[in-house]
$ cat data.cif   # mmCIF, C-alpha atoms
data_upload
loop_
_atom_site.label_atom_id
_atom_site.label_comp_id
_atom_site.auth_asym_id
_atom_site.auth_seq_id
_atom_site.Cartn_x
_atom_site.Cartn_y
_atom_site.Cartn_z
CA MET K 1 4.86 16.59 -25.37
CA THR K 2 5.26 16.13 -21.60
CA ALA K 3 2.54 16.57 -18.99
CA ARG K 4 4.07 19.92 -18.09
CA ASP K 5 4.12 21.02 -21.74
CA ALA K 6 0.47 20.06 -22.14
CA ALA K 7 -0.55 21.94 -18.99
CA ALA K 8 1.56 24.96 -19.93
CA ASP K 9 -0.16 25.07 -23.32
CA LEU K 10 -3.58 25.08 -21.62
CA ALA K 11 -2.45 27.86 -19.25
CA ALA K 12 -1.18 29.90 -22.20
CA ARG K 13 -4.54 29.61 -23.95
CA LEU K 14 -6.30 30.78 -20.78
CA SER K 15 -3.86 33.68 -20.52
CA ARG K 16 -4.39 34.73 -24.14
CA ALA K 17 -8.12 34.81 -23.44
CA GLY K 18 -7.48 37.36 -20.66
CA HIS K 19 -7.49 35.05 -17.63
CA THR K 20 -4.88 34.50 -14.92
CA ALA K 21 -3.65 30.91 -14.96
CA TYR K 22 -1.14 29.34 -12.57
CA PHE K 23 0.15 25.87 -11.87
CA ALA K 24 -1.10 25.00 -8.39
CA GLY K 25 -0.53 22.67 -5.46
CA GLY K 26 1.44 19.45 -5.62
CA CYS K 27 3.08 20.00 -9.00
CA VAL K 28 4.63 23.25 -7.74
CA ARG K 29 5.70 21.62 -4.48
CA ASP K 30 7.28 18.65 -6.23
CA ARG K 31 9.19 20.76 -8.76
CA LEU K 32 10.69 22.85 -5.96
CA LEU K 33 11.70 19.62 -4.22
CA GLY K 34 13.40 18.37 -7.37
CA ARG K 35 10.79 15.69 -7.97
CA GLU K 36 8.98 14.97 -11.21
CA PRO K 37 5.29 15.85 -10.69
CA LYS K 38 2.87 13.04 -11.50
CA ASP K 39 0.34 15.48 -12.91
CA TYR K 40 -0.33 19.19 -13.20
CA ASP K 41 -3.23 21.24 -11.87
CA ILE K 42 -4.11 24.75 -13.01
CA ALA K 43 -5.82 27.43 -10.91
CA THR K 44 -7.39 30.24 -12.91
CA SER K 45 -9.58 33.32 -12.78
CA ALA K 46 -11.72 31.85 -15.56
CA THR K 47 -15.12 30.52 -14.51
CA PRO K 48 -16.16 26.96 -15.39
CA ARG K 49 -18.34 28.32 -18.20
CA GLN K 50 -15.41 30.27 -19.63
CA ILE K 51 -13.14 27.22 -19.34
CA LEU K 52 -15.67 25.12 -21.24
CA GLU K 53 -15.96 27.76 -23.94
CA LEU K 54 -12.19 27.57 -24.45
CA PHE K 55 -12.04 23.77 -24.17
CA PRO K 56 -15.39 22.35 -25.34
CA GLY K 57 -16.10 18.73 -24.59
CA SER K 58 -14.14 18.73 -21.33
CA ASN K 59 -15.25 16.82 -18.25
CA GLU K 60 -17.61 18.87 -16.10
CA VAL K 61 -17.68 16.43 -13.19
CA GLY K 62 -16.50 19.08 -10.70
CA ALA K 63 -18.06 22.15 -12.29
CA HIS K 64 -20.19 22.77 -9.20
CA PHE K 65 -16.95 23.30 -7.28
CA GLY K 66 -15.30 25.21 -10.10
CA VAL K 67 -13.32 22.23 -11.43
CA ILE K 68 -13.09 21.12 -15.06
CA ILE K 69 -10.90 18.27 -16.33
CA VAL K 70 -9.40 18.96 -19.75
CA ARG K 71 -7.81 16.30 -21.94
CA HIS K 72 -4.98 17.68 -24.04
CA HIS K 73 -2.30 15.74 -25.96
CA GLY K 74 -3.20 12.60 -24.02
CA PHE K 75 -2.91 14.20 -20.58
CA HIS K 76 -5.74 15.03 -18.20
CA THR K 77 -5.28 18.38 -16.49
CA GLU K 78 -7.54 19.66 -13.73
CA ILE K 79 -8.41 23.32 -14.19
CA ALA K 80 -10.05 24.94 -11.16
CA THR K 81 -11.40 28.44 -10.72
CA PHE K 82 -9.89 30.45 -7.84
CA ARG K 83 -12.37 29.96 -5.01
CA THR K 84 -13.17 30.12 -1.33
CA ASP K 85 -15.08 27.28 0.31
CA GLY K 86 -18.23 27.52 2.36
CA SER K 87 -18.93 25.34 5.39
CA TYR K 88 -18.11 21.62 5.34
CA GLY K 89 -21.30 20.05 6.63
CA ASP K 90 -20.15 16.46 6.13
CA GLY K 91 -16.52 17.00 7.14
CA ARG K 92 -15.54 15.98 3.64
CA ARG K 93 -16.38 18.58 1.00
CA PRO K 94 -17.67 22.17 1.05
CA ASP K 95 -21.41 22.75 0.93
CA SER K 96 -20.82 25.69 -1.42
CA VAL K 97 -18.02 27.64 -3.08
CA GLU K 98 -17.52 31.23 -4.16
CA PHE K 99 -15.16 32.23 -6.91
CA SER K 100 -12.43 34.49 -5.57
CA THR K 101 -8.80 35.59 -5.92
CA PRO K 102 -5.50 33.68 -6.03
CA GLU K 103 -4.68 34.73 -2.45
CA GLU K 104 -8.04 33.60 -1.09
CA ASP K 105 -7.74 30.35 -3.04
CA ALA K 106 -4.33 29.66 -1.53
CA ARG K 107 -5.63 30.25 1.99
CA ARG K 108 -8.42 27.68 1.65
CA ARG K 109 -5.96 24.85 0.96
CA ASP K 110 -4.68 22.32 3.50
CA PHE K 111 -0.93 22.79 4.04
CA THR K 112 1.42 25.64 3.21
CA ILE K 113 3.55 23.46 0.94
CA ASN K 114 0.42 22.74 -1.12
CA GLY K 115 -0.65 26.40 -1.29
CA LEU K 116 1.96 27.55 -3.79
CA PHE K 117 1.35 28.80 -7.32
CA GLU K 118 3.73 29.00 -10.28
CA ASP K 119 3.45 31.24 -13.30
CA PRO K 120 4.04 28.74 -16.15
CA PRO K 121 5.90 30.92 -18.67
CA SER K 122 8.23 32.63 -16.20
CA GLY K 123 8.54 29.95 -13.51
CA GLU K 124 7.89 32.61 -10.85
CA ILE K 125 6.58 31.21 -7.55
CA ILE K 126 3.60 32.99 -6.02
CA ASP K 127 3.51 32.32 -2.28
CA TYR K 128 0.74 33.78 -0.10
CA VAL K 129 1.06 31.27 2.77
CA GLY K 130 4.76 30.83 3.53
CA GLY K 131 4.96 27.49 1.78
CA ARG K 132 8.35 28.06 0.23
CA SER K 133 10.09 28.63 3.56
CA ASP K 134 8.36 25.54 4.99
CA LEU K 135 9.60 23.51 2.03
CA GLN K 136 13.14 24.66 2.72
CA ALA K 137 12.75 23.85 6.43
CA LYS K 138 11.13 20.45 5.61
CA THR K 139 8.15 21.39 7.75
CA LEU K 140 4.50 20.43 7.29
CA ARG K 141 2.24 23.23 8.53
CA ALA K 142 -1.50 23.68 8.19
CA ILE K 143 -2.61 26.91 6.54
CA GLY K 144 -4.26 29.30 9.01
CA GLU K 145 -5.90 27.64 12.01
CA ALA K 146 -4.95 23.97 11.89
CA ALA K 147 -8.08 22.90 13.77
CA ASP K 148 -10.26 24.61 11.17
CA ARG K 149 -8.52 22.82 8.30
CA PHE K 150 -9.08 19.42 9.93
CA GLU K 151 -12.68 20.22 10.85
CA GLU K 152 -13.36 21.11 7.22
CA ASP K 153 -12.05 17.83 5.83
CA ALA K 154 -11.01 15.15 8.30
CA LEU K 155 -9.10 13.26 5.62
CA ARG K 156 -6.48 16.00 5.99
CA LEU K 157 -5.54 14.34 9.29
CA LEU K 158 -4.34 11.29 7.41
CA ARG K 159 -2.94 13.35 4.54
CA ALA K 160 -0.74 15.17 7.06
CA ILE K 161 0.80 11.87 8.17
CA ARG K 162 1.14 10.75 4.56
CA PHE K 163 2.95 13.94 3.50
CA ALA K 164 5.24 13.79 6.53
CA THR K 165 6.05 10.18 5.62
CA THR K 166 6.47 10.47 1.86
CA LEU K 167 8.39 13.77 2.02
CA ASP K 168 10.22 12.97 5.28
CA PHE K 169 9.07 16.28 6.78
CA ASP K 170 8.51 17.21 10.42
CA ILE K 171 5.00 18.21 11.43
CA GLU K 172 4.90 21.68 12.96
CA PRO K 173 3.90 21.46 16.69
CA THR K 174 0.58 23.36 16.46
CA THR K 175 -0.45 21.28 13.46
CA TRP K 176 0.53 18.08 15.30
CA GLN K 177 -1.46 19.06 18.37
CA ALA K 178 -4.51 19.67 16.18
CA ILE K 179 -4.12 16.25 14.57
CA VAL K 180 -4.03 14.54 17.97
CA LEU K 181 -6.98 16.59 19.23
CA HIS K 182 -9.14 15.89 16.17
CA ALA K 183 -8.06 12.29 15.42
CA GLU K 184 -11.55 10.93 16.08
CA GLY K 185 -12.83 13.07 13.22
CA LEU K 186 -11.36 10.51 10.84
CA ARG K 187 -14.39 8.32 11.60
CA ARG K 188 -16.39 10.60 9.30
CA ILE K 189 -14.29 9.53 6.33
CA SER K 190 -15.15 6.59 4.08
CA PRO K 191 -12.96 3.46 4.19
CA GLU K 192 -12.06 3.92 0.53
CA ARG K 193 -10.55 7.38 1.07
CA ILE K 194 -8.68 6.16 4.17
CA ARG K 195 -7.40 3.14 2.24
CA ASP K 196 -6.00 5.27 -0.58
CA GLU K 197 -4.09 7.57 1.76
CA PHE K 198 -2.85 4.68 3.90
CA SER K 199 -1.65 2.75 0.85
CA ARG K 200 0.44 5.68 -0.33
CA LEU K 201 1.92 5.97 3.15
CA ILE K 202 2.76 2.30 3.67
CA VAL K 203 4.66 1.98 0.36
CA ALA K 204 6.80 5.07 1.08
CA PRO K 205 10.46 4.46 2.00
CA LYS K 206 9.85 5.98 5.47
CA ARG K 207 6.86 3.69 6.08
CA ALA K 208 8.09 2.70 9.57
CA ARG K 209 8.06 6.33 10.66
CA GLY K 210 4.63 6.68 9.10
CA LEU K 211 3.35 3.83 11.26
CA GLU K 212 4.78 5.52 14.35
CA LEU K 213 3.02 8.79 13.46
CA LEU K 214 -0.27 6.97 12.96
CA VAL K 215 0.04 5.32 16.35
CA ASP K 216 1.28 8.39 18.24
CA SER K 217 -1.36 10.68 16.73
CA GLY K 218 -4.28 8.40 17.62
CA LEU K 219 -5.28 7.91 13.99
CA ALA K 220 -4.34 4.21 13.99
CA LYS K 221 -6.83 3.67 16.81
CA VAL K 222 -9.59 4.92 14.52
CA PHE K 223 -9.07 2.77 11.42
CA PHE K 224 -6.49 0.11 12.40
CA PRO K 225 -6.83 -0.52 16.15
CA GLU K 226 -5.36 -4.03 15.94
CA VAL K 227 -1.87 -2.60 15.55
CA LEU K 228 -2.04 -1.08 19.03
CA ASP K 229 -2.22 -4.55 20.57
CA LEU K 230 1.25 -5.26 19.19
CA ILE K 231 2.70 -2.66 21.54
CA GLY K 232 3.94 -4.37 24.70
CA CYS K 233 3.28 -7.88 23.37
CA ASP K 234 6.56 -9.43 24.49
CA GLN K 235 8.29 -12.28 22.65
CA PRO K 236 10.84 -14.97 23.51
CA PRO K 237 14.11 -13.04 23.84
CA GLU K 238 16.15 -15.94 22.45
CA TRP K 239 14.28 -15.58 19.14
CA HIS K 240 13.36 -11.89 19.29
CA PRO K 241 16.06 -9.90 21.10
CA GLU K 242 14.79 -6.75 19.37
CA GLY K 243 11.75 -6.44 21.64
CA ASP K 244 7.97 -6.64 21.40
CA VAL K 245 5.89 -7.43 18.32
CA TYR K 246 5.38 -3.76 17.47
CA ILE K 247 9.12 -3.05 17.50
CA HIS K 248 9.72 -6.19 15.43
CA THR K 249 7.13 -5.13 12.84
CA ARG K 250 8.42 -1.57 12.68
CA ILE K 251 12.00 -2.77 12.08
CA MET K 252 10.79 -5.09 9.33
CA LEU K 253 9.04 -2.22 7.57
CA ASP K 254 12.23 -0.22 7.78
CA LEU K 255 14.27 -3.07 6.26
CA LEU K 256 12.11 -3.36 3.15
CA PRO K 257 13.49 -1.88 -0.08
CA ASP K 258 12.25 1.61 -0.94
CA ASP K 259 10.18 0.31 -3.85
CA ALA K 260 8.51 -2.58 -2.00
CA PRO K 261 5.05 -3.26 -3.50
CA LEU K 262 1.83 -2.73 -1.58
CA GLU K 263 1.11 -6.44 -1.02
CA LEU K 264 4.52 -6.99 0.55
CA CYS K 265 4.25 -3.94 2.80
CA LEU K 266 0.81 -5.01 3.99
CA SER K 267 1.92 -8.60 4.61
CA VAL K 268 4.86 -7.39 6.71
CA LEU K 269 2.56 -5.12 8.67
CA LEU K 270 0.05 -7.92 9.26
CA HIS K 271 2.21 -11.05 9.48
CA ASP K 272 2.22 -11.11 13.30
CA ILE K 273 -1.09 -9.32 13.85
CA ALA K 274 -2.49 -12.38 15.68
CA LYS K 275 0.35 -12.76 18.17
CA PRO K 276 -1.44 -10.81 20.93
CA PRO K 277 -4.60 -12.98 20.92
CA THR K 278 -2.60 -16.24 20.65
CA ARG K 279 0.06 -15.44 23.25
CA THR K 280 0.47 -18.14 25.91
CA PHE K 281 3.23 -19.11 28.31
CA ASP K 282 4.54 -22.67 28.19
CA GLU K 283 5.49 -23.46 31.80
CA GLY K 284 7.26 -26.69 30.87
CA ALA K 285 9.47 -25.04 28.28
CA ASP K 286 9.63 -21.77 30.22
CA ARG K 287 8.90 -19.71 27.12
CA ILE K 288 6.27 -17.62 25.38
CA ARG K 289 4.38 -19.23 22.49
CA PHE K 290 2.08 -17.96 19.75
CA ASN K 291 0.59 -21.21 18.49
CA GLY K 292 -1.61 -20.76 15.44
CA HIS K 293 -0.86 -17.07 15.01
CA ASP K 294 -0.22 -17.61 11.30
CA ALA K 295 -3.64 -19.12 10.64
CA LEU K 296 -5.52 -16.64 12.84
CA GLY K 297 -3.38 -13.83 11.43
CA ALA K 298 -4.47 -14.71 7.90
CA ARG K 299 -8.12 -14.44 8.94
CA MET K 300 -7.49 -11.17 10.75
CA ALA K 301 -5.61 -9.78 7.74
CA HIS K 302 -8.56 -10.70 5.56
CA ASP K 303 -11.01 -8.93 7.88
CA ILE K 304 -8.86 -5.80 8.26
CA LEU K 305 -8.25 -5.39 4.54
CA ARG K 306 -11.88 -6.14 3.74
CA ARG K 307 -12.90 -3.44 6.22
CA LEU K 308 -10.67 -0.99 4.36
CA LYS K 309 -12.18 -2.03 1.01
CA TYR K 310 -8.98 -3.32 -0.57
CA PRO K 311 -9.34 -5.14 -3.91
CA ASN K 312 -10.01 -8.86 -3.67
CA GLN K 313 -6.68 -9.81 -5.23
CA VAL K 314 -4.72 -7.73 -2.72
CA ILE K 315 -6.66 -9.32 0.15
CA GLU K 316 -6.12 -12.85 -1.19
CA ASP K 317 -2.39 -12.34 -1.72
CA VAL K 318 -1.76 -10.82 1.70
CA GLU K 319 -3.92 -13.40 3.47
CA PHE K 320 -2.02 -16.19 1.70
CA MET K 321 1.41 -14.75 2.54
CA VAL K 322 0.50 -14.28 6.20
CA SER K 323 -0.84 -17.84 6.38
CA ARG K 324 2.46 -19.29 5.08
CA HIS K 325 5.11 -17.15 6.76
CA MET K 326 5.84 -19.72 9.49
CA GLN K 327 6.34 -22.55 6.95
CA PHE K 328 9.73 -21.16 5.95
CA MET K 329 11.28 -22.74 9.03
CA ASN K 330 10.52 -26.18 7.57
CA VAL K 331 11.69 -25.77 3.98
CA GLN K 332 14.90 -27.76 4.44
CA GLN K 333 12.87 -30.75 5.64
CA MET K 334 10.38 -30.64 2.75
CA ARG K 335 10.41 -33.35 0.10
CA THR K 336 11.33 -32.06 -3.34
CA ALA K 337 7.75 -32.20 -4.62
CA LYS K 338 6.37 -30.26 -1.67
CA LEU K 339 9.18 -27.71 -1.88
CA LYS K 340 8.58 -27.14 -5.58
CA ARG K 341 4.86 -26.64 -4.99
CA PHE K 342 5.70 -24.26 -2.16
CA MET K 343 8.06 -22.22 -4.33
CA ALA K 344 5.67 -22.23 -7.31
CA ALA K 345 3.16 -19.91 -5.60
CA PRO K 346 2.82 -16.61 -7.51
CA THR K 347 3.50 -14.70 -4.29
CA PHE K 348 6.67 -16.64 -3.45
CA PRO K 349 9.17 -13.88 -4.42
CA LEU K 350 7.36 -11.51 -2.05
CA GLU K 351 7.19 -14.19 0.63
CA LEU K 352 10.94 -14.71 0.33
CA GLU K 353 11.47 -11.00 0.99
CA LEU K 354 9.03 -11.17 3.92
CA HIS K 355 11.07 -14.04 5.35
CA ARG K 356 14.34 -12.15 4.81
CA VAL K 357 13.24 -9.10 6.80
CA ASP K 358 11.51 -11.28 9.40
CA CYS K 359 14.82 -12.95 10.22
CA ALA K 360 16.96 -9.85 9.78
CA SER K 361 14.83 -7.97 12.31
CA SER K 362 15.01 -10.73 14.94
CA ASN K 363 17.35 -13.72 15.21
CA GLY K 364 19.41 -13.00 12.11
CA PHE K 365 19.29 -16.60 10.87
CA THR K 366 19.74 -16.88 7.11
CA ASP K 367 20.09 -20.63 6.55
CA ASN K 368 16.56 -21.15 5.20
CA LEU K 369 16.83 -18.07 3.02
CA GLU K 370 20.13 -19.25 1.55
CA PHE K 371 18.72 -22.75 1.04
CA LEU K 372 15.76 -21.39 -0.94
CA ILE K 373 17.95 -19.14 -3.06
CA GLU K 374 20.18 -22.13 -3.90
CA LYS K 375 17.15 -24.27 -4.71
CA GLY K 376 15.78 -21.53 -6.91
CA GLU K 377 18.99 -21.61 -8.93
CA GLU K 378 18.97 -25.41 -9.01
CA PHE K 379 15.36 -25.55 -10.28
CA ALA K 380 15.71 -22.64 -12.71
CA SER K 381 16.26 -24.76 -15.83
CA GLU K 382 12.64 -25.91 -15.98
CA PRO K 383 9.24 -24.91 -14.56
CA LEU K 384 8.87 -25.67 -10.86
CA VAL K 385 5.56 -27.41 -11.58
CA PRO K 386 5.66 -28.58 -15.23
CA PRO K 387 2.55 -29.74 -17.12
CA PRO K 388 1.39 -33.11 -15.73
CA LEU K 389 2.40 -36.23 -17.64
CA VAL K 390 -1.04 -37.81 -17.11
CA ASN K 391 -4.57 -36.50 -16.66
CA GLY K 392 -8.13 -37.48 -15.86
CA ARG K 393 -8.79 -38.78 -19.39
CA ASP K 394 -6.04 -41.35 -18.85
CA LEU K 395 -7.81 -42.58 -15.69
CA ILE K 396 -11.12 -42.86 -17.58
CA ASP K 397 -9.35 -44.85 -20.30
CA LEU K 398 -8.17 -47.22 -17.56
CA GLY K 399 -11.80 -47.81 -16.62
CA LEU K 400 -12.00 -45.62 -13.51
CA LYS K 401 -15.04 -43.49 -12.83
CA PRO K 402 -14.56 -39.82 -11.83
CA GLY K 403 -14.52 -39.36 -8.06
CA PRO K 404 -12.35 -38.47 -5.06
CA ARG K 405 -9.76 -41.10 -6.03
CA PHE K 406 -9.09 -39.22 -9.27
CA LYS K 407 -7.55 -36.33 -7.42
CA GLU K 408 -5.52 -38.62 -5.16
CA LEU K 409 -4.03 -40.56 -8.07
CA LEU K 410 -3.25 -37.47 -10.15
CA GLU K 411 -1.62 -35.69 -7.21
CA ALA K 412 0.42 -38.79 -6.44
CA ALA K 413 1.51 -39.00 -10.09
CA GLN K 414 2.50 -35.34 -10.06
CA THR K 415 4.50 -35.91 -6.87
CA GLU K 416 6.42 -38.71 -8.55
CA GLN K 417 7.03 -36.39 -11.50
CA LEU K 418 8.23 -33.52 -9.28
CA GLU K 419 10.50 -35.88 -7.37
CA GLY K 420 12.11 -36.84 -10.67
CA ARG K 421 11.05 -40.49 -10.56
CA LEU K 422 8.71 -40.12 -13.56
CA THR K 423 10.18 -38.29 -16.53
CA THR K 424 8.19 -39.54 -19.53
CA ARG K 425 4.51 -39.99 -20.33
CA GLU K 426 5.02 -43.68 -21.01
CA ALA K 427 6.54 -44.20 -17.56
CA ALA K 428 3.78 -42.19 -15.97
CA LEU K 429 1.08 -44.27 -17.70
CA ASP K 430 2.76 -47.47 -16.50
CA TRP K 431 2.88 -46.08 -12.96
CA LEU K 432 -0.77 -45.06 -13.20
CA ARG K 433 -1.88 -48.52 -14.34
CA GLU K 434 -0.13 -50.06 -11.36
CA ALA K 435 -1.41 -47.50 -8.86
CA ALA K 436 -5.00 -47.71 -10.15
CA ARG K 437 -5.32 -51.45 -9.50
#
$ encode --input "data.cif" --output "structure tokens"
Amino acid sequence: MTARDAAADLAARLSRAGHTAYFAGGCVRDRLLGREPKDYDIATSATPRQILELFPGSNEVGAHFGVIIVRHHGFHTEIATFRTDGSYGDGRRPDSVEFSTPEEDARRRDFTINGLFEDPPSGEIIDYVGGRSDLQAKTLRAIGEAADRFEEDALRLLRAIRFATTLDFDIEPTTWQAIVLHAEGLRRISPERIRDEFSRLIVAPKRARGLELLVDSGLAKVFFPEVLDLIGCDQPPEWHPEGDVYIHTRIMLDLLPDDAPLELCLSVLLHDIAKPPTRTFDEGADRIRFNGHDALGARMAHDILRRLKYPNQVIEDVEFMVSRHMQFMNVQQMRTAKLKRFMAAPTFPLELELHRVDCASSNGFTDNLEFLIEKGEEFASEPLVPPPLVNGRDLIDLGLKPGPRFKELLEAAQTEQLEGRLTTREAALDWLREAAR
């Protein structure tokens, strides 16, 4: 049974009990766009009490707002009573709700393309807000007065940019003007909710356009002001003929594959975030420099992602990738041991893609990229960093006491192993005895 089958079965049971039950919102929108909905929501005339009578044991977490989550055949379906919302005192959720009609329920929603209903058995689309014509025109339009929708829930400001990005829709002028006018309202929204919307935007294929919309609307200034400093931060034209740091970053985002993971998208966005504060002009060389922007950029990336409440692992991976992105220029000069350690990092495949788009968006050089690809093939027959041939117990057996020299000797032994000069444990023990004298 598919998610749609499970939801249709629930709707049929509501209908047999005498209630109206429609698919609602995103699942209707996505089906009309030819996309497979991720989940299905049902809007119904049944009250929460009546829903629970039909589906006992369901999750009542949103019952106050007329929302019950029903688990059926392994799928979780949100069933919500048709409602109108009261005032939004916190700019986030309604203070009260009143159960109402399908038409009134549609008109309380955010955008016309999300205000559509579908009758499950017949497939008929019920459209009270003009959403179907906006879908056909690829237009994002707020329902009713746009300013009112954004005043009710300021997260809708960011959702508008996200929908325009993920669907590749144009934002209707009145709706756009309201976003710009109310951009500061996003400050009322928690970092976690902003993070979730932003993450969905930045992994979308049109992520570069999404960044532009965030900047042009004023929303970036609210939750990611550092990106504004990239605009107008000029670079050495011999290395960056494409333009300033913002243009460079935007092009890189556009060059990423459609399915680029979150960590890669964030590292591209943040890899040059410290160029503005590190920009200097070298009079002797007659050129712009950004000394240390990789190290400072890693710290800034950490602070920005921590501010947005990203998971620790995401923060660590992005910080690490930003810190190393300038080291790719030196890979052909690295000794084999250092190169293998460099390539053995878990994030290396993402870093390689970061380097590819970094060069493709600027100078076009591919020699380091090609070198690393060739080395990857050359080293593929065995682990880049195999298990060490010797360990601390061997040093103790040689009469050494644990201390700082332990690490030095073991790292040196591993270097010899990675360079191919030590290939057996016996040879490594002989080397260790000599080195430990």
$ residues_near_point --input "data.cif" --point "(-4.3, 11.7, 16.9)" --cutoff "6 Å" --atoms "all atoms listed in the file" --output "VMD selection string"
chain K and resid 179 to 180 183 217 to 219
$ closest_residue --input "data.cif" --among "K:Leu372, K:Leu354, K:Pro237, K:Gly232" --to "K:Gln333" --atoms "only C-alpha atoms"
K:Leu372
$ residues_around --input "data.cif" --residues "K:Asn59" --least-positions-apart "6" --cutoff "9 Å" --atoms "only C-alpha atoms" --output "list of chain:residue names"
K:Leu52, K:Val67, K:Ile68, K:Ile69, K:Val70, K:Arg71
$ resolve_selection --input "data.cif" --expression "the PyMOL selection byres ((chain K and resi 302-314) around 12)" --output "PyMOL selection string"
chain K and resi 189-199+222-227+261-267+269-271+273-274+295-301+315-323+346-347
$ resolve_selection --input "data.cif" --expression "the PyMOL selection byres ((chain K and resi 230) around 10)" --output "list in words"
Pro225, Glu226, Val227, Leu228, Asp229, Ile231, Gly232, Cys233, Asp234, Asp244, Val245, Tyr246, Ile247, His248, Thr249, Asp272, Ile273, Ala274, Lys275, Pro276 and Pro277 of chain K
$ residues_around --input "data.cif" --residues "K:Gly26" --least-positions-apart "3" --cutoff "9 Å" --atoms "all atoms listed in the file" --output "PyMOL selection string"
chain K and resi 29-31+37-41+113-116
$ residues_around --input "data.cif" --residues "K:Arg83" --least-positions-apart "2" --cutoff "10 Å" --atoms "only C-alpha atoms" --output "PyMOL selection string"
chain K and resi 43-45+47+65-66+80-81+85-86+97-108
$ residues_near_point --input "data.cif" --point "(8.7, -20.3, 28.5)" --cutoff "12 Å" --atoms "all atoms listed in the file" --output "PyMOL selection string"
chain K and resi 234-239+279-290
$ closest_residue --input "data.cif" --among "K:Val203, K:Arg188, K:Phe328, K:Ser362" --to "K:His240" --atoms "all atoms listed in the file"
K:Ser362
$ atom_distance --input "data.cif" --atom1 "atom CA of K:Val357" --atom2 "atom CA of K:Arg159"
27.8 Å
$ resolve_selection --input "data.cif" --expression "the PyMOL selection byres ((chain K and resi 22) around 8)" --output "PyMOL selection string"
chain K and resi 11+20-21+23-24+42-44+117-120
$ write_last_selection --input "data.cif" --atoms "C-alpha atoms" --output "JSON list (two decimals), keeping the file's coordinate frame"
[["chain", "number", "residue", "atom", "x", "y", "z"],
["K", 11, "ALA", "CA", -2.45, 27.86, -19.25],
["K", 20, "THR", "CA", -4.88, 34.50, -14.92],
["K", 21, "ALA", "CA", -3.65, 30.91, -14.96],
["K", 23, "PHE", "CA", 0.15, 25.87, -11.87],
["K", 24, "ALA", "CA", -1.10, 25.00, -8.39],
["K", 42, "ILE", "CA", -4.11, 24.75, -13.01],
["K", 43, "ALA", "CA", -5.82, 27.43, -10.91],
["K", 44, "THR", "CA", -7.39, 30.24, -12.91],
["K", 117, "PHE", "CA", 1.35, 28.80, -7.32],
["K", 118, "GLU", "CA", 3.73, 29.00, -10.28],
["K", 119, "ASP", "CA", 3.45, 31.24, -13.30],
["K", 120, "PRO", "CA", 4.04, 28.74, -16.15]]
$ atom_distance --input "data.cif" --atom1 "atom CA of K:Gly18" --atom2 "atom CA of K:Gln50"
10.7 Å
$ residues_around --input "data.cif" --residues "stretch 209-214 of chain K" --least-positions-apart "6" --cutoff "8 Å" --atoms "only C-alpha atoms" --output "list in words"
Ile161, Arg162, Ala164, Thr165, Leu201, Ile202, Ala220 and Arg250 of chain K
$ write_last_selection --input "data.cif" --atoms "C-alpha atoms" --output "JSON list (two decimals), keeping the file's coordinate frame"
[["chain", "number", "residue", "atom", "x", "y", "z"],
["K", 161, "ILE", "CA", 0.80, 11.87, 8.17],
["K", 162, "ARG", "CA", 1.14, 10.75, 4.56],
["K", 164, "ALA", "CA", 5.24, 13.79, 6.53],
["K", 165, "THR", "CA", 6.05, 10.18, 5.62],
["K", 201, "LEU", "CA", 1.92, 5.97, 3.15],
["K", 202, "ILE", "CA", 2.76, 2.30, 3.67],
["K", 220, "ALA", "CA", -4.34, 4.21, 13.99],
["K", 250, "ARG", "CA", 8.42, -1.57, 12.68]]
$ atom_distance --input "data.cif" --atom1 "atom CA of K:Ile143" --atom2 "atom CA of K:Arg187"
22.6 Å
$ closest_residue --input "data.cif" --among "K:Leu32, K:Val215, K:Leu384, K:Met252" --to "K:Phe342" --atoms "only C-alpha atoms"
K:Leu384
$ closest_residue --input "data.cif" --among "K:Ala12, K:Gln327, K:Pro56, K:Phe150" --to "K:Ser122" --atoms "only C-alpha atoms"
K:Ala12
$ residues_around --input "data.cif" --residues "K:Asp9" --least-positions-apart "5" --cutoff "10 Å" --atoms "only C-alpha atoms" --output "ChimeraX atom specification"
/K:3-4,14-15,72-73,120-121
$ build_atoms --input "data.cif" --residues "stretch 257-261 of chain K" --atoms "N, CA, C and O atoms" --output "PDB file, keeping the file's coordinate frame"
ATOM      1  N   PRO K 257      12.953  -2.807   0.926  1.00  0.00           N
ATOM      2  CA  PRO K 257      13.490  -1.880  -0.080  1.00  0.00           C
ATOM      3  C   PRO K 257      12.525  -0.718  -0.301  1.00  0.00           C
ATOM      4  O   PRO K 257      11.320  -0.844  -0.069  1.00  0.00           O
ATOM      5  N   ASP K 258      13.059   0.402  -0.757  1.00  0.00           N
ATOM      6  CA  ASP K 258      12.250   1.610  -0.940  1.00  0.00           C
ATOM      7  C   ASP K 258      11.049   1.374  -1.854  1.00  0.00           C
ATOM      8  O   ASP K 258       9.989   1.969  -1.659  1.00  0.00           O
ATOM      9  N   ASP K 259      11.226   0.509  -2.852  1.00  0.00           N
ATOM     10  CA  ASP K 259      10.180   0.310  -3.850  1.00  0.00           C
ATOM     11  C   ASP K 259       9.336  -0.937  -3.576  1.00  0.00           C
ATOM     12  O   ASP K 259       8.716  -1.484  -4.498  1.00  0.00           O
ATOM     13  N   ALA K 260       9.293  -1.389  -2.341  1.00  0.00           N
ATOM     14  CA  ALA K 260       8.510  -2.580  -2.000  1.00  0.00           C
ATOM     15  C   ALA K 260       7.051  -2.391  -2.407  1.00  0.00           C
ATOM     16  O   ALA K 260       6.454  -1.338  -2.138  1.00  0.00           O
ATOM     17  N   PRO K 261       6.440  -3.389  -3.062  1.00  0.00           N
ATOM     18  CA  PRO K 261       5.050  -3.260  -3.500  1.00  0.00           C
ATOM     19  C   PRO K 261       4.069  -3.300  -2.339  1.00  0.00           C
ATOM     20  O   PRO K 261       4.392  -3.752  -1.233  1.00  0.00           O
TER      21      PRO K 261
END
